[in-house]
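The structure appears right after this line, and notes come after that.
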Amino acid sequence: MSFVVAIDGLAGTGKGTVTKLIAEEMGLVNIDTGAMYRCITLECINRGIYNIEQKEKIIQIARSVEIKIEHIDGNQEIFLDGKNVSKEIRSKEVSAFVSYVSSIPEVREIMVELQRKIAEGKDVIMEGRDITTVVFPNADVKIYLDAEVEERANRRYKENKEKGIEMTYEETLEAIKKRDYNDIHKPVGALKIADGATIVDTTHMTIEEVKEKIKQIILNKK
Ligand code: DC
């Protein structure tokens with residue numbers, strides 16, 4: 001029997017950072033599903049596909065690539081057809097196109113199946129947009145992370161700066177707003193608050209506070 005902690009929320013709510021810390025402290029396998037959609041998107045861009053009209057080609061890519069998530073020295077490393085693309089998948093170009101790629105129902109179907117397979121028989125903490133509603137609606141713990149858009153843009157702006165990704169605050173805010181819209185309005189797999197999910201608003205919380213709050217929720221369910 002596996003134990004599943006499912007976390008959903010918009011970009012910049014702190015999902016990625018908090019999930020990584022909780023995974024380390026509680027011995028859970030961390031699965032970043034956004035990184036998987038980013039891999040498909042990177043492969044599209046590498047093959048010159050920048051247009052949502054080329055849907056069939058995008059689905060073909062989703063079917064044929066191999067995505068692996070490995071944990072090396074406490075870091076989550078993402079491999080696309082054997083190549084470590086952990087940094088490349090965070091580029092401005094990938095971030096701009098990923099919400100379109102991830103809105104294709106067939107791509108989602110392929111990813112959801114892969115996500116369930118990766119989690120099989122393990123104790124996992126999985127984060128994304130549809131984990132509490134589609135991938136694991138019966139997860140042991142379901143969390144919905146929320147935060148005000150300006151605060152989320154501020155966090156993403158600082159994060160990008162540290163990673164050497166050049167984007168102004170205004171560009172970051174615009175990109176996040178666009179992505180929010182797409183994430184909420186997807187025909188399949190749209191971000192929603194799942195039945196039974198605990199909502200945590202992280203706007204005025206530090207990462208440490210968010211982590212402790214979620215750990216407490218998990219411990220109460222274990
Ligand atoms: O969490 P992130 O910003 O790395 O996610 C990248 C994109 O992938 C984002 O636009 C939403 C999408 N996504 C999704 O549709 N479903 C998921 N389970 C995870 C991410």
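In the structure tokens, the first chain shown is A, the next is B, and so on; residue numbers restart at 1 for each chain, and ligands run from 1 in the order shown.
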
Run DSSP on the backbone of this structure and report the residues of chain A it assigns to strand (DSSP E or B), as a count of residues only.
39

Could I get the residue neighbourhood of ligand 1 at 8 Å, counting only C-alpha atoms and all ligand atoms, as a PyMOL selection string?
chain A and resi 8+10-12+15-16+32-38+90+95+98-100+102-103+108+112+127-131+179-180+182-183+189-191

Restrict the calculation to only C-alpha atoms, then for each residue of stretch 194-216 of chain A with any atom at most 9 Å from an atom of stretch 17-20 of chain A give the closest atom pair and their distance in Å to one decimal, rows by chain and rising residue number, as a tab-separated table.
residue	atom	partner	partner_atom	distance
A:Ile207	CA	A:Val18	CA	6.5
A:Glu208	CA	A:Val18	CA	8.1
A:Val210	CA	A:Val18	CA	7.1
A:Lys211	CA	A:Val18	CA	5.6
A:Ile214	CA	A:Val18	CA	8.7

Serialized selection, N, CA, C and O atoms, as an mmCIF file, in the first residue's frame:
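Okay, again.cif is ready:
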data_model
loop_
_atom_site.group_PDB
_atom_site.id
_atom_site.type_symbol
_atom_site.label_atom_id
_atom_site.label_comp_id
_atom_site.auth_asym_id
_atom_site.auth_seq_id
_atom_site.Cartn_x
_atom_site.Cartn_y
_atom_site.Cartn_z
ATOM 1 N N ILE A 207 8.035 30.053 3.814
ATOM 2 C CA ILE A 207 8.114 28.663 3.348
ATOM 3 C C ILE A 207 8.122 27.704 4.558
ATOM 4 O O ILE A 207 7.444 26.683 4.567
ATOM 5 N N GLU A 208 8.870 28.098 5.585
ATOM 6 C CA GLU A 208 8.970 27.275 6.796
ATOM 7 C C GLU A 208 7.584 27.068 7.424
ATOM 8 O O GLU A 208 7.214 25.955 7.816
ATOM 9 N N VAL A 210 4.639 27.298 5.891
ATOM 10 C CA VAL A 210 3.799 26.474 5.010
ATOM 11 C C VAL A 210 4.179 25.010 5.195
ATOM 12 O O VAL A 210 3.323 24.125 5.320
ATOM 13 N N LYS A 211 5.482 24.772 5.222
ATOM 14 C CA LYS A 211 5.980 23.397 5.371
ATOM 15 C C LYS A 211 5.451 22.769 6.666
ATOM 16 O O LYS A 211 4.935 21.652 6.657
ATOM 17 N N ILE A 214 1.675 21.970 6.476
ATOM 18 C CA ILE A 214 1.342 20.787 5.668
ATOM 19 C C ILE A 214 1.824 19.512 6.360
ATOM 20 O O ILE A 214 1.125 18.491 6.370
#

Which of these residues is nearest to A:Ile69, using only C-alpha atoms: A:Val4, A:Cys44, A:Ile89, A:Ile118?
A:Ile118

List the neighbours of stretch 153-160 of chain A out to 7 Å using only C-alpha atoms; skip same-chain residues closer than 3 positions along the sequence, and give me the result as number ranges by chain.
A: 12, 149-150, 163-166, 169, 172-173, 176

Write the residues of the selection above to a file with N, CA and C atoms, as a compact mmCIF listing (two decimals), in the first residue's frame.
# COMPACT_ATOMS: atom_id res chain seq x y z
N GLY A 12 3.69 29.65 -8.37
CA GLY A 12 4.19 30.61 -7.39
C GLY A 12 3.55 30.52 -6.02
N VAL A 149 -1.81 37.02 -6.52
CA VAL A 149 -1.01 36.97 -7.74
C VAL A 149 0.27 37.82 -7.67
N GLU A 150 0.19 39.01 -7.04
CA GLU A 150 1.38 39.88 -6.97
C GLU A 150 2.49 39.20 -6.14
N LYS A 163 18.27 31.89 -10.58
CA LYS A 163 18.61 30.86 -11.57
C LYS A 163 19.23 31.45 -12.83
N GLY A 164 19.36 32.77 -12.88
CA GLY A 164 19.95 33.42 -14.04
C GLY A 164 18.98 33.56 -15.20
N ILE A 165 17.68 33.42 -14.93
CA ILE A 165 16.68 33.61 -16.00
C ILE A 165 16.28 35.08 -16.02
N GLU A 166 16.50 35.75 -17.16
CA GLU A 166 16.27 37.19 -17.22
C GLU A 166 14.83 37.54 -17.57
N TYR A 169 10.06 42.12 -13.36
CA TYR A 169 8.91 41.78 -12.51
C TYR A 169 7.61 41.85 -13.33
N THR A 172 7.17 38.93 -15.55
CA THR A 172 6.85 37.75 -14.74
C THR A 172 5.38 37.76 -14.32
N LEU A 173 4.91 38.97 -13.90
CA LEU A 173 3.51 39.10 -13.48
C LEU A 173 2.57 38.79 -14.65
N ILE A 176 2.54 35.09 -15.43
CA ILE A 176 1.81 34.32 -14.41
C ILE A 176 0.30 34.48 -14.61

From the options A:Val94, A:Ile58, A:Ile45, A:Ile22, which residue's atoms come nearest to A:Lys215, counting only C-alpha atoms?
A:Ile22

Residues near A:Phe79, cut-off 6 Å, only C-alpha atoms, skip fewer than 4 positions along chain, as a ChimeraX atom specification
/A:67-68,83-85
